[in-house]
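Q: Please find one structure pasted underneath; my questions will follow.
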Amino acid sequence: MNNIPMEACLAISTLMFFAGVYGFLSRKNMIMVLVSLELMLNAVDLNFVVFNRYLYPGQMEGMFFALFGIAIAAAETAIAIAIIINIYRNVKRIYIDENITELKH
Amino acid sequence: MGEQIVFLILGAIIAGCSILAVTTQKIIRAATFLLFVLLATAGIYLLLDYHFLAMVQIAVYAGGIMVLFIFAILLTNQPGVNVKFEKPWRMFLAALAALSGLVICGHIIFYNVTKIFKYAEIDYISMQTIGTAMMGTDQHQYLLPFEAISLLLLACIIGGIMIARKR
């Protein structure tokens, strides 16, 4: 990695993040929204690791932050998919529409 | 030179597949493109000498989360049906927001980051170092976040069961 500049890694993660932003705002299917969210979280993890590796090579803060970020992303995805399956069981579709408000108790 | 070629290939995979994942019509294809993005990210972690993180990325993200996604897709979608997008003006607004953010961040990265760049070789980070750093309570050790994450995972398990059970 000696002759790979830091901006290249950051450019890749920026592209991934804003692809996630575009998908988050432009899709109606809940699972697609979740896929976009995973893209954004992954870009943030990559940013942490790249900053840690290039700026503070002897320490491991960014690596552990990325590790905990991966764990939080896994927990969040599990909960979100449980909610999505519950919505599907109730209203038989998982599009972000007006009928989602019927789930309120 | 070899590292540069590998990095270029991984970067091209990430760029192409992340854009395809948010623009494709079939939802299972989007999940597959997301899998490619996650695996290429693990490859970049390997290039940056964080072997443990690459393995965690493959095991948790590309293994666990992708299985969850594919289960959810197969449970909630009729096969072969294209998914709907938002209304056209909302898609235009989304593209505008993403492009403006990309331009702003690209400008910042291109003009500001080069001044602080330096690269140093590091030794191989052994598993013992990672384990003591994760389980200790001294400075630069992470027992408290580790326990917080374990509590979060417990709450997530209970919440997932409570939400998804049959009433």
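Ordering of the structure tokens sets the chain letters (A, B, ...), residue numbers begin anew at 1 in every chain, and ligands are numbered from 1 in the order given.
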Write out as a PyMOL selection string the residues lying within 9 Å of Ile70 (chain A), counting only C-alpha atoms and excluding same-chain residues fewer than 4 positions away.

A: (chain A and resi 41-42+45+65-66+74-75) or (chain B and resi 56-57+60-61)

Q: Skipping near chain neighbours, those fewer than 6 positions away, what residues fall within 12 Å of Phe71 (chain B) using only C-alpha atoms, listed as a PyMOL selection string?

A: (chain A and resi 31+78+81-82+84-85) or (chain B and resi 28+31+64-65+77)

Q: Pick the closest to chain A from B:Glu86, B:Glu147, B:Asp123, B:Asp138: which is it, counting only C-alpha atoms?

A: B:Glu86

Q: Considering only C-alpha atoms, extract the chain A residues located within 6 Å of chain B and return them as an mmCIF file with N, CA and C atoms, in the first residue's frame.

A:
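Saved result, out-v7.cif, follows:
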```
data_model
loop_
_atom_site.group_PDB
_atom_site.id
_atom_site.type_symbol
_atom_site.label_atom_id
_atom_site.label_comp_id
_atom_site.auth_asym_id
_atom_site.auth_seq_id
_atom_site.Cartn_x
_atom_site.Cartn_y
_atom_site.Cartn_z
ATOM 1 N N MET A 16 -19.281 4.863 -2.273
ATOM 2 C CA MET A 16 -20.173 3.864 -1.686
ATOM 3 C C MET A 16 -21.233 4.520 -0.818
ATOM 4 N N PHE A 18 -22.483 7.606 -0.959
ATOM 5 C CA PHE A 18 -23.527 8.372 -1.635
ATOM 6 C C PHE A 18 -24.355 7.504 -2.569
ATOM 7 N N ALA A 19 -23.820 6.361 -3.004
ATOM 8 C CA ALA A 19 -24.701 5.376 -3.647
ATOM 9 C C ALA A 19 -25.751 4.909 -2.651
ATOM 10 N N VAL A 21 -26.872 6.695 -0.102
ATOM 11 C CA VAL A 21 -27.822 7.800 0.100
ATOM 12 C C VAL A 21 -28.856 7.829 -1.020
ATOM 13 N N TYR A 22 -28.375 7.665 -2.262
ATOM 14 C CA TYR A 22 -29.304 7.672 -3.398
ATOM 15 C C TYR A 22 -30.314 6.533 -3.281
ATOM 16 N N GLY A 23 -29.824 5.334 -2.920
ATOM 17 C CA GLY A 23 -30.748 4.209 -2.805
ATOM 18 C C GLY A 23 -31.731 4.392 -1.658
ATOM 19 N N LEU A 25 -32.973 7.158 -0.588
ATOM 20 C CA LEU A 25 -34.011 8.129 -0.891
ATOM 21 C C LEU A 25 -34.879 7.719 -2.070
ATOM 22 N N SER A 26 -34.407 6.809 -2.928
ATOM 23 C CA SER A 26 -35.124 6.595 -4.179
ATOM 24 C C SER A 26 -35.823 5.248 -4.256
ATOM 25 N N ARG A 27 -35.698 4.372 -3.274
ATOM 26 C CA ARG A 27 -36.379 3.082 -3.374
ATOM 27 C C ARG A 27 -37.603 3.064 -2.462
ATOM 28 N N LYS A 28 -38.584 2.258 -2.843
ATOM 29 C CA LYS A 28 -39.791 2.148 -2.011
ATOM 30 C C LYS A 28 -39.855 0.842 -1.255
ATOM 31 N N TYR A 54 -3.711 5.063 7.982
ATOM 32 C CA TYR A 54 -2.800 6.028 7.378
ATOM 33 C C TYR A 54 -2.292 7.062 8.374
ATOM 34 N N ALA A 75 -26.844 -6.299 14.505
ATOM 35 C CA ALA A 75 -28.003 -6.249 15.397
ATOM 36 C C ALA A 75 -29.144 -5.463 14.776
ATOM 37 N N ILE A 79 -33.027 -6.772 13.747
ATOM 38 C CA ILE A 79 -34.263 -6.149 14.240
ATOM 39 C C ILE A 79 -35.104 -5.623 13.080
ATOM 40 N N ALA A 82 -36.836 -8.380 11.294
ATOM 41 C CA ALA A 82 -37.970 -8.882 12.075
ATOM 42 C C ALA A 82 -39.179 -7.963 11.922
ATOM 43 N N ASN A 86 -42.801 -8.845 10.120
ATOM 44 C CA ASN A 86 -44.054 -8.615 10.839
ATOM 45 C C ASN A 86 -45.011 -7.745 10.030
#
```

Q: Mind pulling up the distance from CA of Tyr56 (chain A) to CA of Ser126 (chain B)?

A: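 Answer for the CA of Ser126 (chain B) to CA of Tyr56 (chain A) separation: 17.5 Å.
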
Q: Taking the DSSP secondary structure from the backbone, can you list the residues of chain A that are alpha helix (DSSP H), as a VMD selection string?

A: chain A and resid 6 to 26 30 to 55 61 to 91

Q: Those residues you just picked out, can you put them in a file as a tab-separated table (two decimals), in the first residue's frame with C-alpha atoms?

A:
```tsv
chain	number	residue	atom	x	y	z
A	6	MET	CA	-5.16	7.94	1.00
A	7	GLU	CA	-7.54	9.89	-1.24
A	8	ALA	CA	-8.12	6.81	-3.38
A	9	CYS	CA	-9.49	4.83	-0.42
A	10	LEU	CA	-11.53	7.81	0.73
A	11	ALA	CA	-12.91	8.34	-2.78
A	12	ILE	CA	-14.07	4.72	-2.90
A	13	SER	CA	-15.81	4.97	0.46
A	14	THR	CA	-17.39	8.32	-0.51
A	15	LEU	CA	-18.79	6.79	-3.69
A	16	MET	CA	-20.17	3.86	-1.69
A	17	PHE	CA	-21.75	6.18	0.88
A	18	PHE	CA	-23.53	8.37	-1.64
A	19	ALA	CA	-24.70	5.38	-3.65
A	20	GLY	CA	-26.29	4.33	-0.34
A	21	VAL	CA	-27.82	7.80	0.10
A	22	TYR	CA	-29.30	7.67	-3.40
A	23	GLY	CA	-30.75	4.21	-2.81
A	24	PHE	CA	-32.12	5.19	0.59
A	25	LEU	CA	-34.01	8.13	-0.89
A	26	SER	CA	-35.12	6.60	-4.18
A	30	MET	CA	-38.09	-1.70	2.65
A	31	ILE	CA	-35.47	-4.35	2.00
A	32	MET	CA	-33.90	-2.12	-0.64
A	33	VAL	CA	-33.80	0.71	1.88
A	34	LEU	CA	-32.04	-1.66	4.27
A	35	VAL	CA	-29.52	-2.67	1.57
A	36	SER	CA	-28.73	1.02	1.04
A	37	LEU	CA	-28.31	1.45	4.80
A	38	GLU	CA	-25.80	-1.41	4.83
A	39	LEU	CA	-23.87	0.30	2.04
A	40	MET	CA	-23.66	3.50	4.10
A	41	LEU	CA	-22.56	1.68	7.27
A	42	ASN	CA	-19.95	-0.23	5.32
A	43	ALA	CA	-18.56	3.00	3.85
A	44	VAL	CA	-18.29	4.49	7.35
A	45	ASP	CA	-16.41	1.41	8.61
A	46	LEU	CA	-14.02	1.64	5.66
A	47	ASN	CA	-13.44	5.32	6.47
A	48	PHE	CA	-12.58	4.55	10.10
A	49	VAL	CA	-10.12	1.85	9.08
A	50	VAL	CA	-8.44	3.95	6.40
A	51	PHE	CA	-7.99	6.95	8.70
A	52	ASN	CA	-6.58	4.71	11.43
A	53	ARG	CA	-4.17	2.94	9.09
A	54	TYR	CA	-2.80	6.03	7.38
A	55	LEU	CA	-2.75	8.59	10.18
A	61	GLU	CA	-8.80	2.71	17.68
A	62	GLY	CA	-10.31	2.87	14.22
A	63	MET	CA	-10.10	-0.88	13.80
A	64	PHE	CA	-12.02	-1.49	17.03
A	65	PHE	CA	-14.56	1.16	16.11
A	66	ALA	CA	-15.11	-0.63	12.79
A	67	LEU	CA	-15.41	-3.94	14.64
A	68	PHE	CA	-18.08	-2.60	16.98
A	69	GLY	CA	-19.76	-0.90	14.04
A	70	ILE	CA	-20.04	-4.24	12.26
A	71	ALA	CA	-21.64	-5.77	15.38
A	72	ILE	CA	-24.13	-2.89	15.68
A	73	ALA	CA	-24.97	-3.20	11.98
A	74	ALA	CA	-25.69	-6.90	12.42
A	75	ALA	CA	-28.00	-6.25	15.40
A	76	GLU	CA	-29.80	-3.44	13.59
A	77	THR	CA	-30.32	-5.54	10.47
A	78	ALA	CA	-31.76	-8.43	12.49
A	79	ILE	CA	-34.26	-6.15	14.24
A	80	ALA	CA	-35.20	-4.37	11.00
A	81	ILE	CA	-35.82	-7.65	9.19
A	82	ALA	CA	-37.97	-8.88	12.07
A	83	ILE	CA	-40.05	-5.70	11.78
A	84	ILE	CA	-40.29	-6.07	7.99
A	85	ILE	CA	-41.48	-9.68	8.25
A	86	ASN	CA	-44.05	-8.61	10.84
A	87	ILE	CA	-45.31	-5.85	8.53
A	88	TYR	CA	-45.51	-8.33	5.66
A	89	ARG	CA	-47.55	-10.68	7.83
A	90	ASN	CA	-50.00	-7.89	8.66
A	91	VAL	CA	-50.45	-5.92	5.43
```

Q: For the atom pair CA of Asn82 (chain B) and CA of Gln25 (chain B), what is the interatomic distance in Å to one decimal place?

A: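 Pair CA of Asn82 (chain B) / CA of Gln25 (chain B) returns 5.5 Å.
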
Q: Tell me, in Å to one decimal, how far CA of Val67 (chain B) is from CA of Leu35 (chain B).

A: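 Going from CA of Val67 (chain B) over to CA of Leu35 (chain B) covers 10.2 Å.
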